[in-house]
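What follows is structure-v8.txt (compact mmCIF, C-alpha atoms).
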```txt
# COMPACT_ATOMS: atom_id res chain seq x y z
CA MET A 150 164.19 23.08 -26.84
CA SER A 151 163.14 19.45 -26.63
CA MET A 152 161.14 18.09 -23.71
CA ILE A 153 164.10 16.19 -22.27
CA ALA A 154 166.16 19.37 -22.18
CA GLU A 155 163.36 21.12 -20.24
CA PHE A 156 163.73 18.43 -17.61
CA THR A 157 167.50 18.22 -17.41
CA LYS A 158 168.34 21.95 -17.50
CA GLY A 159 167.43 22.33 -13.82
CA ILE A 160 169.99 19.77 -12.73
CA TRP A 161 173.13 21.51 -13.91
CA LYS A 162 172.89 24.15 -16.66
CA ARG A 163 170.25 26.25 -14.90
CA ASN A 164 170.61 24.82 -11.39
CA PRO A 165 168.57 27.23 -9.26
CA ILE A 166 171.00 27.39 -6.33
CA LEU A 167 174.47 26.79 -7.73
CA ILE A 168 174.22 28.61 -11.06
CA ILE A 169 171.42 31.17 -10.69
CA GLY A 170 171.84 31.71 -6.95
CA ILE A 171 168.22 31.81 -5.74
CA GLY A 172 166.43 29.86 -3.01
CA ILE A 173 169.46 30.01 -0.74
CA CYS A 174 167.62 30.49 2.59
CA PRO A 175 165.86 27.11 2.70
CA THR A 176 168.95 25.42 1.24
CA LEU A 177 171.18 26.55 4.06
CA ALA A 178 168.66 26.33 6.86
CA VAL A 179 167.24 22.88 6.12
CA SER A 180 170.44 21.05 5.14
CA THR A 181 171.20 20.16 8.75
CA SER A 182 170.41 16.51 8.08
CA LEU A 183 169.79 14.37 5.01
CA SER A 184 166.27 13.38 6.05
CA ASN A 185 165.29 17.04 6.52
CA ALA A 186 166.77 17.82 3.12
CA LEU A 187 164.81 15.04 1.42
CA TRP A 188 161.50 16.03 3.03
CA MET A 189 162.08 19.66 2.10
CA THR A 190 162.81 18.61 -1.50
CA LEU A 191 159.61 16.61 -1.61
CA ALA A 192 157.55 19.50 -0.21
CA ALA A 193 159.11 22.16 -2.43
CA THR A 194 158.93 20.00 -5.56
CA PHE A 195 155.26 19.23 -4.94
CA VAL A 196 154.49 22.95 -4.59
CA LEU A 197 156.67 23.80 -7.59
CA VAL A 198 155.07 21.24 -9.93
CA CYS A 199 151.49 22.01 -8.80
CA SER A 200 151.92 25.77 -9.03
CA ASN A 201 153.59 25.40 -12.44
CA ILE A 202 150.59 23.37 -13.67
CA LEU A 203 148.03 25.87 -12.35
CA VAL A 204 149.94 28.96 -13.50
CA SER A 205 150.32 27.40 -16.94
CA MET A 206 146.57 26.70 -17.04
CA VAL A 207 145.53 30.25 -16.12
CA LYS A 208 148.20 32.02 -18.18
CA GLY A 209 145.69 33.06 -20.84
CA ILE A 210 143.24 34.70 -18.46
CA THR A 211 145.69 36.34 -16.02
CA PRO A 212 145.84 40.15 -16.40
CA ALA A 213 149.52 41.08 -16.70
CA HIS A 214 149.60 43.82 -14.07
CA ILE A 215 148.26 41.67 -11.20
CA ARG A 216 149.95 38.42 -12.15
CA ILE A 217 152.39 38.38 -9.20
CA PRO A 218 149.67 38.45 -6.47
CA ILE A 219 147.80 35.74 -8.38
CA PHE A 220 150.93 33.56 -8.57
CA ILE A 221 151.66 34.08 -4.87
CA THR A 222 148.10 33.13 -3.95
CA ILE A 223 148.35 29.96 -6.06
CA ILE A 224 151.68 29.05 -4.43
CA ALA A 225 150.40 29.81 -0.91
CA THR A 226 147.42 27.50 -1.49
CA PHE A 227 149.67 24.54 -2.26
CA VAL A 228 151.97 25.42 0.64
CA ILE A 229 148.97 25.25 2.98
CA ILE A 230 148.12 21.80 1.57
CA VAL A 231 151.69 20.64 2.26
CA GLU A 232 151.65 22.20 5.72
CA LEU A 233 148.40 20.51 6.77
CA THR A 234 149.37 17.14 5.25
CA LEU A 235 152.74 17.04 7.01
CA LYS A 236 151.18 18.21 10.27
CA ALA A 237 148.66 15.36 10.13
CA TYR A 238 150.81 12.48 8.87
CA GLN A 239 154.44 13.39 9.68
CA PRO A 240 154.36 15.55 12.83
CA SER A 241 158.06 14.92 13.55
CA VAL A 242 159.05 16.21 10.10
CA TYR A 243 156.68 19.14 10.53
CA SER A 244 158.36 20.19 13.76
CA ALA A 245 161.89 19.59 12.41
CA LEU A 246 161.34 21.79 9.34
CA GLY A 247 159.32 24.25 11.43
CA ILE A 248 159.08 27.72 10.02
CA PHE A 249 160.62 26.73 6.71
CA ILE A 250 157.43 25.02 5.56
CA PRO A 251 155.33 28.23 5.50
CA LEU A 252 158.38 29.98 4.07
CA ILE A 253 158.18 27.85 0.90
CA VAL A 254 155.78 30.61 -0.21
CA VAL A 255 158.62 33.12 -0.50
CA ASN A 256 161.07 30.62 -2.02
CA CYS A 257 162.30 32.58 -5.03
CA ILE A 258 162.67 29.39 -7.11
CA ILE A 259 158.93 28.75 -7.18
CA LEU A 260 157.82 32.28 -8.01
CA GLY A 261 160.74 32.54 -10.39
CA ARG A 262 159.67 29.47 -12.39
CA ALA A 263 156.04 30.61 -12.42
CA GLU A 264 157.04 34.00 -13.81
CA GLU A 265 159.83 32.89 -16.11
CA PHE A 266 158.57 29.56 -17.44
CA ALA A 267 155.07 28.38 -16.52
CA SER A 268 153.36 31.65 -17.51
CA LYS A 269 154.80 31.32 -21.01
CA ASN A 270 154.75 27.57 -21.70
CA GLY A 271 152.33 24.66 -21.94
CA ILE A 272 151.24 22.40 -19.10
CA PHE A 273 153.38 19.37 -20.00
CA ALA A 274 156.56 21.41 -20.42
CA SER A 275 155.81 23.17 -17.13
CA ILE A 276 155.50 19.85 -15.29
CA LEU A 277 158.88 18.72 -16.65
CA ASP A 278 160.42 22.08 -15.81
CA GLY A 279 159.08 21.88 -12.26
CA LEU A 280 160.34 18.32 -11.78
CA GLY A 281 163.77 19.18 -13.16
CA MET A 282 164.14 22.30 -11.04
CA GLY A 283 162.92 20.38 -7.99
CA LEU A 284 165.51 17.68 -8.70
CA GLY A 285 168.28 20.26 -9.07
CA PHE A 286 167.21 21.88 -5.80
CA GLY A 287 167.06 18.48 -4.10
CA LEU A 288 170.47 17.31 -5.32
CA THR A 289 172.16 20.51 -4.13
CA LEU A 290 170.34 20.34 -0.82
CA SER A 291 171.29 16.68 -0.35
CA LEU A 292 174.94 17.31 -1.21
CA LEU A 293 175.08 20.08 1.40
CA ALA A 294 173.22 17.97 3.94
CA ILE A 295 175.50 14.94 3.45
CA ILE A 296 178.62 17.06 4.00
CA ARG A 297 177.20 18.88 7.02
CA GLU A 298 175.64 15.87 8.70
CA THR A 299 178.71 13.67 8.22
CA ILE A 300 181.12 16.21 9.70
CA GLY A 301 178.78 17.94 12.12
CA ALA A 302 176.85 15.05 13.66
CA ASN A 303 178.78 11.93 12.55
CA LYS A 304 175.46 10.47 11.39
CA LEU A 305 173.62 9.83 8.15
CA LEU A 306 169.89 9.06 8.15
CA GLY A 307 170.14 8.04 11.80
CA TYR A 308 173.16 5.70 11.51
CA THR A 309 176.37 6.55 13.33
CA LEU A 310 179.25 6.56 10.85
CA ILE A 311 182.61 6.46 12.62
CA LYS A 312 182.83 5.27 16.21
CA GLY A 313 184.84 7.53 18.50
CA TYR A 314 184.86 10.51 16.14
CA GLU A 315 183.99 13.74 17.91
CA PRO A 316 181.56 15.66 15.64
CA VAL A 317 182.17 19.33 14.88
CA GLY A 318 178.97 20.87 16.20
CA ALA A 319 179.41 24.16 14.36
CA MET A 320 178.93 22.36 11.02
CA VAL A 321 175.25 21.66 11.72
CA ALA A 322 174.77 25.21 13.06
CA ALA A 323 174.57 28.30 10.86
CA PRO A 324 178.34 28.83 10.31
CA GLY A 325 178.80 25.36 8.80
CA ALA A 326 176.04 26.11 6.30
CA PHE A 327 177.77 29.25 5.08
CA PHE A 328 181.21 27.60 4.91
CA THR A 329 179.98 24.53 3.04
CA LEU A 330 178.06 26.48 0.41
CA GLY A 331 180.96 28.93 0.04
CA LEU A 332 183.40 26.11 -0.63
CA ILE A 333 181.00 24.33 -3.02
CA LEU A 334 180.51 27.56 -5.00
CA TRP A 335 184.29 27.95 -5.12
CA GLY A 336 184.54 24.50 -6.67
CA ILE A 337 181.74 25.29 -9.15
CA ASN A 338 183.52 28.50 -10.22
CA ARG A 339 186.67 26.46 -10.83
CA ILE A 340 184.82 23.92 -12.94
CA LYS A 341 183.17 26.72 -14.94
CA ALA A 342 186.52 28.46 -15.42
CA LYS A 343 188.12 25.24 -16.70
CA GLY A 344 185.24 24.66 -19.10
CA ASN A 345 185.80 27.96 -20.88
CA MET B 264 159.09 42.95 35.54
CA GLU B 265 157.37 43.47 32.20
CA SER B 266 160.09 45.75 30.91
CA LYS B 267 162.65 43.00 31.53
CA ILE B 268 160.74 40.65 29.24
CA PHE B 269 160.83 43.22 26.45
CA ILE B 270 164.55 43.82 26.89
CA SER B 271 165.23 40.09 26.79
CA ILE B 272 163.10 39.68 23.64
CA LEU B 273 164.99 42.54 22.04
CA LEU B 274 168.43 41.17 22.97
CA ALA B 275 167.45 37.68 21.90
CA THR B 276 166.30 38.74 18.43
CA VAL B 277 169.16 41.15 17.79
CA LEU B 278 172.08 39.05 19.01
CA VAL B 279 171.33 35.51 20.19
CA ASN B 280 168.83 34.50 17.51
CA ASN B 281 170.01 36.94 14.87
CA TYR B 282 167.69 36.32 11.92
CA VAL B 283 170.38 36.29 9.29
CA LEU B 284 173.38 34.78 11.01
CA SER B 285 171.83 32.22 13.31
CA GLN B 286 168.38 31.43 11.87
CA ILE B 287 169.41 31.87 8.21
CA LEU B 288 166.50 33.99 7.08
CA GLY B 289 166.52 36.85 4.59
CA LEU B 290 169.68 35.85 2.76
CA CYS B 291 168.64 37.23 -0.65
CA PRO B 292 168.85 40.91 0.42
CA PHE B 293 171.76 40.04 2.73
CA LEU B 294 173.77 38.94 -0.30
CA GLY B 295 172.22 41.29 -2.84
CA VAL B 296 172.28 44.66 -1.07
CA SER B 297 175.48 44.32 0.98
CA LYS B 298 177.93 45.77 -1.53
CA LYS B 299 177.92 49.32 -0.11
CA THR B 300 177.39 50.46 3.47
CA GLU B 301 175.05 53.31 2.41
CA THR B 302 172.60 51.11 0.51
CA ALA B 303 172.86 48.50 3.26
CA LEU B 304 171.74 51.08 5.79
CA GLY B 305 168.83 52.19 3.57
CA MET B 306 167.68 48.60 3.09
CA GLY B 307 168.10 47.92 6.81
CA LEU B 308 165.97 50.90 7.83
CA SER B 309 163.19 49.89 5.40
CA VAL B 310 163.24 46.36 6.79
CA ILE B 311 163.01 47.58 10.41
CA PHE B 312 160.08 49.76 9.38
CA VAL B 313 158.18 47.06 7.49
CA MET B 314 158.89 44.30 10.03
CA THR B 315 157.57 46.38 12.93
CA ILE B 316 154.35 47.31 11.12
CA ALA B 317 153.94 43.80 9.69
CA SER B 318 154.28 42.27 13.17
CA PHE B 319 151.52 44.55 14.42
CA PHE B 320 149.07 43.87 11.59
CA THR B 321 149.66 40.11 11.29
CA HIS B 322 149.20 39.76 15.05
CA VAL B 323 145.95 41.75 15.01
CA VAL B 324 144.58 39.86 12.01
CA TYR B 325 145.52 36.49 13.51
CA GLN B 326 144.04 37.23 16.92
CA TYR B 327 140.85 39.06 15.91
CA LEU B 328 140.05 37.60 12.50
CA LEU B 329 141.59 34.17 11.97
CA ILE B 330 141.08 32.71 15.46
CA PRO B 331 137.42 33.78 15.98
CA PHE B 332 136.43 32.44 12.56
CA ASP B 333 138.53 29.27 12.99
CA LEU B 334 140.63 30.02 9.90
CA THR B 335 144.09 29.57 11.41
CA TYR B 336 145.09 27.19 8.61
CA LEU B 337 144.95 30.17 6.24
CA ARG B 338 147.77 31.82 8.21
CA THR B 339 150.43 31.60 5.51
CA LEU B 340 148.18 32.92 2.76
CA ALA B 341 146.80 35.72 4.93
CA PHE B 342 150.22 36.84 6.13
CA ILE B 343 151.85 36.99 2.72
CA LEU B 344 148.94 39.03 1.34
CA ILE B 345 149.07 41.38 4.37
CA ILE B 346 152.80 41.90 3.90
CA ALA B 347 152.50 42.47 0.15
CA SER B 348 149.70 45.02 0.52
CA LEU B 349 151.40 46.65 3.50
CA VAL B 350 154.57 47.22 1.51
CA GLN B 351 152.51 48.81 -1.29
CA LEU B 352 150.68 50.98 1.23
CA VAL B 353 153.85 52.12 2.98
CA GLU B 354 155.32 52.95 -0.40
CA MET B 355 152.33 55.12 -1.36
CA ILE B 356 152.12 56.88 2.02
CA LEU B 357 155.84 57.64 2.05
CA ASN B 358 155.65 58.93 -1.50
CA LYS B 359 152.91 61.43 -0.51
CA THR B 360 154.01 62.48 2.97
CA ALA B 361 157.78 62.10 3.15
CA PRO B 362 159.23 62.30 -0.36
CA SER B 363 162.81 62.59 0.88
CA LEU B 364 162.50 59.39 2.91
CA TYR B 365 160.79 57.75 -0.08
CA GLN B 366 163.69 58.79 -2.29
CA ALA B 367 166.10 57.12 0.12
CA LEU B 368 164.13 53.90 0.71
CA GLY B 369 162.07 53.77 -2.51
CA ILE B 370 164.01 51.19 -4.45
CA PHE B 371 164.25 48.78 -1.51
CA LEU B 372 160.60 48.66 -0.55
CA PRO B 373 159.31 46.42 -3.39
CA LEU B 374 162.13 43.96 -2.67
CA ILE B 375 160.95 43.48 0.90
CA THR B 376 157.79 41.57 -0.05
CA THR B 377 159.89 38.57 -1.01
CA ASN B 378 162.22 38.90 1.99
CA CYS B 379 161.59 35.66 3.84
CA ALA B 380 162.65 37.24 7.14
CA VAL B 381 159.51 39.42 7.14
CA LEU B 382 157.14 36.48 6.71
CA GLY B 383 159.43 34.59 9.09
CA VAL B 384 158.99 37.09 11.91
CA ALA B 385 155.22 37.13 11.40
CA VAL B 386 155.03 33.34 11.64
CA LEU B 387 157.50 33.19 14.56
CA ASN B 388 155.42 35.72 16.52
CA ILE B 389 152.53 33.28 16.34
CA ASP B 390 154.72 30.23 17.05
CA SER B 391 156.26 31.95 20.10
CA GLY B 392 152.81 31.90 21.69
CA PHE B 393 152.47 35.68 21.88
CA VAL B 394 148.85 35.59 20.72
CA GLY B 395 146.55 35.76 23.72
CA SER B 396 149.37 36.17 26.23
CA ASN B 397 149.73 39.18 28.52
CA LEU B 398 150.77 42.23 26.45
CA GLY B 399 151.10 39.84 23.49
CA LEU B 400 150.66 42.49 20.83
CA LEU B 401 153.47 44.61 22.27
CA LYS B 402 155.72 41.53 22.48
CA SER B 403 155.11 40.83 18.78
CA VAL B 404 155.92 44.41 17.83
CA VAL B 405 159.10 44.37 19.95
CA GLN B 406 160.15 41.07 18.38
CA GLY B 407 159.49 42.48 14.90
CA PHE B 408 161.51 45.60 15.67
CA GLY B 409 164.35 43.54 17.16
CA ALA B 410 164.41 41.23 14.16
CA GLY B 411 164.73 44.27 11.90
CA VAL B 412 167.55 45.71 13.99
CA GLY B 413 169.36 42.36 13.97
CA PHE B 414 168.98 42.14 10.19
CA THR B 415 170.32 45.68 9.79
CA LEU B 416 173.27 44.93 12.06
CA ALA B 417 174.25 41.85 10.06
CA LEU B 418 173.72 43.62 6.73
CA TYR B 419 175.75 46.67 7.77
CA LEU B 420 178.65 44.61 9.13
CA MET B 421 178.66 42.49 5.97
CA ALA B 422 178.69 45.60 3.77
CA GLY B 423 181.66 46.95 5.73
CA ILE B 424 183.55 43.69 5.17
CA ARG B 425 182.66 43.55 1.48
CA GLU B 426 183.86 47.11 0.88
CA ARG B 427 187.26 46.02 2.16
CA LEU B 428 187.18 42.76 0.21
CA GLU B 429 186.98 44.80 -3.00
CA LEU B 430 190.60 45.83 -2.42
CA ALA B 431 191.83 42.49 -1.13
CA ASP B 432 193.83 40.05 -3.23
CA ILE B 433 191.53 37.03 -3.55
CA PRO B 434 191.96 33.99 -5.86
CA GLU B 435 189.97 34.52 -9.05
CA ASN B 436 187.51 31.66 -8.50
CA LEU B 437 186.83 32.67 -4.91
CA LYS B 438 185.69 36.19 -5.83
CA GLY B 439 182.06 37.18 -5.51
CA LEU B 440 179.61 34.82 -3.81
CA PRO B 441 182.03 32.14 -2.46
CA ILE B 442 184.14 34.56 -0.40
CA THR B 443 180.98 36.34 0.76
CA PHE B 444 179.62 33.06 2.08
CA ILE B 445 182.86 32.27 3.87
CA CYS B 446 182.86 35.73 5.49
CA ALA B 447 179.23 35.24 6.49
CA GLY B 448 180.25 31.91 8.01
CA LEU B 449 182.95 33.58 10.10
CA MET B 450 180.45 36.22 11.24
CA ALA B 451 177.94 33.51 12.11
CA LEU B 452 180.65 31.73 14.09
CA SER B 453 181.20 34.85 16.20
CA PHE B 454 177.45 35.32 16.67
CA LEU B 455 177.31 31.70 17.83
CA GLY B 456 179.17 32.95 20.89
CA PHE B 457 176.07 34.88 21.96
CA SER B 458 174.11 31.65 22.27
CA GLY B 459 175.71 31.07 25.67
CA MET B 460 174.34 34.39 26.92
CA LYS B 461 171.93 34.00 29.82
CA LEU B 462 168.92 36.29 29.53
CA PHE B 463 166.84 37.02 32.59
CA LYS B 464 163.42 35.50 32.36
```
Go ahead and express the file in the form of structure tokens.
Amino acid sequence: MSMIAEFTKGIWKRNPILIIGIGICPTLAVSTSLSNALWMTLAATFVLVCSNILVSMVKGITPAHIRIPIFITIIATFVIIVELTLKAYQPSVYSALGIFIPLIVVNCIILGRAEEFASKNGIFASILDGLGMGLGFGLTLSLLAIIRETIGANKLLGYTLIKGYEPVGAMVAAPGAFFTLGLILWGINRIKAKGN
Amino acid sequence: MESKIFISILLATVLVNNYVLSQILGLCPFLGVSKKTETALGMGLSVIFVMTIASFFTHVVYQYLLIPFDLTYLRTLAFILIIASLVQLVEMILNKTAPSLYQALGIFLPLITTNCAVLGVAVLNIDSGFVGSNLGLLKSVVQGFGAGVGFTLALYLMAGIRERLELADIPENLKGLPITFICAGLMALSFLGFSGMKLFK
């Protein structure tokens, strides 16, 4: 596979959320507003790319039977970096994302890419793979956040959209997350079915 | 008065702040293991078990190891390693002492390490300010147990719905994950009703 394909496969063909179906918890929980979604994407992509680089570097010296604890430790290290940086420079983002920042550690996408890709491929390919997967994650997250924030809060990035429209509060709460992703997956299944 | 606090923590974690349906944690097993009620119950019991023990150990390690040595920034790393080794340990102990229970729960235990609800409850115990408070350790354990029970409740209900969905006439493209999400949304909507519940303080 060429280098460009490594980058673009995360956006649609191997989209972690829509096609493979992993990393759903942060997707649903953080897509309450577009700004949360973008910060989460930034944090997760940073961890993903850095852990991919490091896992790819140590792939030759990692004993196979303890590779998972090693990968988790690598990922947790970068998550702590993100946690401390956000806490120091963006305290409002830190409190809005709350528990979902430490939970990046158990985001299946990151461990999945370390195990499936970075531990078998070179550093440059791993960086592109991490960026592509992060972009796929971010686009899905943003799509969900735009739908939920528009309907549920009548706002987008702090601007009020339609004056006099009464927002549907349930859309920014948990039920709206499930409904929106369910309907998006329905649409994806339809597109896939038409393609065949 | 103390017992009231524990009851309100328990009710809050099981119903009002249900980990799956209102906080959106632990969705992977919620979607993966909810096809049959029997397996859902097995997974649920293992999660209750691991969450309760994990709450105890993470609380102890945080209070007596991380705080005295000023290492609280290592929280995430420490907790995930505790949970991973705890799951391994529980697996080995069960295998030796209670083989029948191990047979029933065995396949679910390794999956629990990556269940974000377990790490979630450990982190939330700290964020709730239980460390250092009166009877803090017991509060953490009760919250861990309640979180597990809430998870099991959601998982078991979902499995019951999905068993019926197998027989229902659903549009082809809606089958599988999409309809499961929509059902979960309806369940979450009903659990949203608990958020108006007033718990005695």
Enumerate, as a ChimeraX atom specification, the protein, DNA and RNA residues whose atoms approach (185.0, 36.5, -1.7) to within 12 Å, taking into account only C-alpha atoms and the coordinate frame of the file.
/A:328,331-332,334-335,338 /B:294,298,421,424-448
Of the residues B:Val386, B:Val313, B:Met306, B:Val353, which is the one nearest to chain A, using only C-alpha atoms?
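Using only C-alpha atoms, chain A sits closest to B:Val386.
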Protein, DNA and RNA residues within 12 Å of (151.3, 41.6, 23.4), all atoms listed in the file, as a count of residues only
28
Would you mind reading off the distance between CA of Ile221 in chain A and CA of Thr194 in chain A, one decimal, in Å?
15.9 Å
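Rounded to one decimal, CA of Gly318 in chain A and CA of Val277 in chain B lie 22.6 Å from each other.
Taking CA of Cys379 in chain B and CA of Leu278 in chain B as the two end points, the separation is 18.8 Å.
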When you count all atoms listed in the file, which of these residues is closest to Leu235 in chain A: A:Ala192, A:Ile248, A:Ile219, A:Ile210?
A:Ala192
Pick the closest to chain A from B:Gly456, B:Gly411, B:Gly423, B:Gly305: which is it, counting all atoms listed in the file?
B:Gly456
Minimum-distance residue to chain B, chosen among A:Thr181, A:Ser241, A:Ser268, A:Asn256 (using all atoms listed in the file):
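The closest residue to chain B is A:Asn256.
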For a quick check of understanding, using all atoms listed in the file, which of A:Leu310, A:Ile173, A:Val207, A:Ile258 has the smallest distance to Asp278 in chain A?
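So, comparing all the options, the nearest one is A:Ile258.
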Excluding same-chain residues fewer than 4 positions from Ser275 in chain A, what lies within 7 Å of it counting all atoms listed in the file, as number ranges by chain?
A: 201-202, 205, 266-267, 270-271, 279
Counting all atoms listed in the file, which of A:Ile168, A:Leu290, A:Ala323, A:Cys199 gets nearest to Leu288 in chain B?
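The shortest atom-to-atom distance to Leu288 in chain B comes from A:Ala323.
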List the spatial neighbours of Met282 in chain A as a PyMOL selection string - criterion: any atom at most 7 Å away, all atoms listed in the file, same-chain residues fewer than 6 positions off excluded.
chain A and resi 159-160+164-165
Env of Ala154 in chain A: 12 Å cut, atoms = all atoms listed in the file, seq-sep filter 2 positions within chain, self excluded. Answer as a PyMOL selection string.
chain A and resi 150-152+156-163+274+277-278+280-282
Grab the residues selected above and save them as a compact mmCIF listing (two decimals), in the coordinates of the input with C-alpha atoms.
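To be explicit, this is the file written out as part.txt:
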```
# COMPACT_ATOMS: atom_id res chain seq x y z
CA MET A 150 164.19 23.08 -26.84
CA SER A 151 163.14 19.45 -26.63
CA MET A 152 161.14 18.09 -23.71
CA PHE A 156 163.73 18.43 -17.61
CA THR A 157 167.50 18.22 -17.41
CA LYS A 158 168.34 21.95 -17.50
CA GLY A 159 167.43 22.33 -13.82
CA ILE A 160 169.99 19.77 -12.73
CA TRP A 161 173.13 21.51 -13.91
CA LYS A 162 172.89 24.15 -16.66
CA ARG A 163 170.25 26.25 -14.90
CA ALA A 274 156.56 21.41 -20.42
CA LEU A 277 158.88 18.72 -16.65
CA ASP A 278 160.42 22.08 -15.81
CA LEU A 280 160.34 18.32 -11.78
CA GLY A 281 163.77 19.18 -13.16
CA MET A 282 164.14 22.30 -11.04
```
Need the axis-aligned box for range 313-327 of chain B with 4 Å each side, so what are the centre and edges in Å to one decimal, as AutoDock Vina command-line options?
```
--center_x 149.9 --center_y 41.9 --center_z 12.2 --size_x 26.0 --size_y 18.8 --size_z 17.4
```
I want to know what sits within 9 Å of Leu420 in chain B, based on all atoms listed in the file, with residues of the same chain fewer than 6 positions away left out; could you give that as number ranges by chain?
B: 297, 300, 450
Find the spatial neighbours of Glu232 in chain A, counting all atoms listed in the file, within a cut-off of 8 Å - ignore same-chain residues fewer than 3 positions away - and output them as a count of residues only.
7
